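Asks: Got a structure for you, written out below as structure tokens; questions coming shortly.
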Amino acid sequence: MGEENVVVECRKCEFLESYANLGRARVALNDHEVGTGHDVDWQINHVADGVERAGADAGICGTTNCENPDSALFDW
Ligand SMILES: [Zn+2]
């Protein structure tokens with residue numbers, strides 16, 4: 001399992017909690033909605049490590065800006 005962080009945020013009050021997994025978040029969200037009638041929003045934040053690494057890897061090549069300027073292809 002990856003390290004997920006689920007943030008539950010109410011749009012109508014100060015309720016804001018983060019949970020380590022989706023199941024707990026759902027329960028808390030439902031509890032709050034049922035208990036208060038509020039409209040609760042939630043979002044899943046994955047730990048940035050893997051995402052940042054993938055982004056950096058993709059940046060090494062694949063865009064014209066990061067081609068090697070010393071390449072013979074540029075010398076013309
Ligand atoms: Zn609320």
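Residues in the structure tokens are numbered from 1 in each chain, the chains being A, B, ... in the order shown, and ligands are numbered from 1 in the order shown.
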List as a ChimeraX atom specification the protein and nucleic acid residues lying within 9 Å of ligand 1, with only C-alpha atoms and all ligand atoms counted.

Replies: /A:9-16,32-33,35-40

Asks: Using backbone DSSP assignments, extract all alpha helix (DSSP H) residues from segment 20-50 of chain A; output them as a list in words.

Replies: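 Residues meeting the alpha helix (DSSP H) criterion: Leu22, Gly23, Arg24, Ala25, Arg26, Val27, Ala28, Leu29, Asn30, Asp31, His32, Glu33, Val34, Gly35, Thr36, Ala48, Asp49 and Gly50 of chain A.
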
Asks: Could you please determine the separation between atom CA of Asn45 of chain A and atom CA of Asp31 of chain A in Å, to one decimal place?

Replies: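 Interatomic distance here is 21.1 Å.
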
Asks: Would you mind reading off the distance between atom CA of Val34 of chain A and atom CA of Val6 of chain A, one decimal, in Å?

Replies: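 Distance between the two atoms: 19.3 Å.
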
Asks: Report the distance between atom CA of Ile44 of chain A and atom CA of Arg24 of chain A in Å, rounded to one decimal place.

Replies: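 Straight-line distance from atom CA of Ile44 of chain A to atom CA of Arg24 of chain A works out to 12.4 Å.
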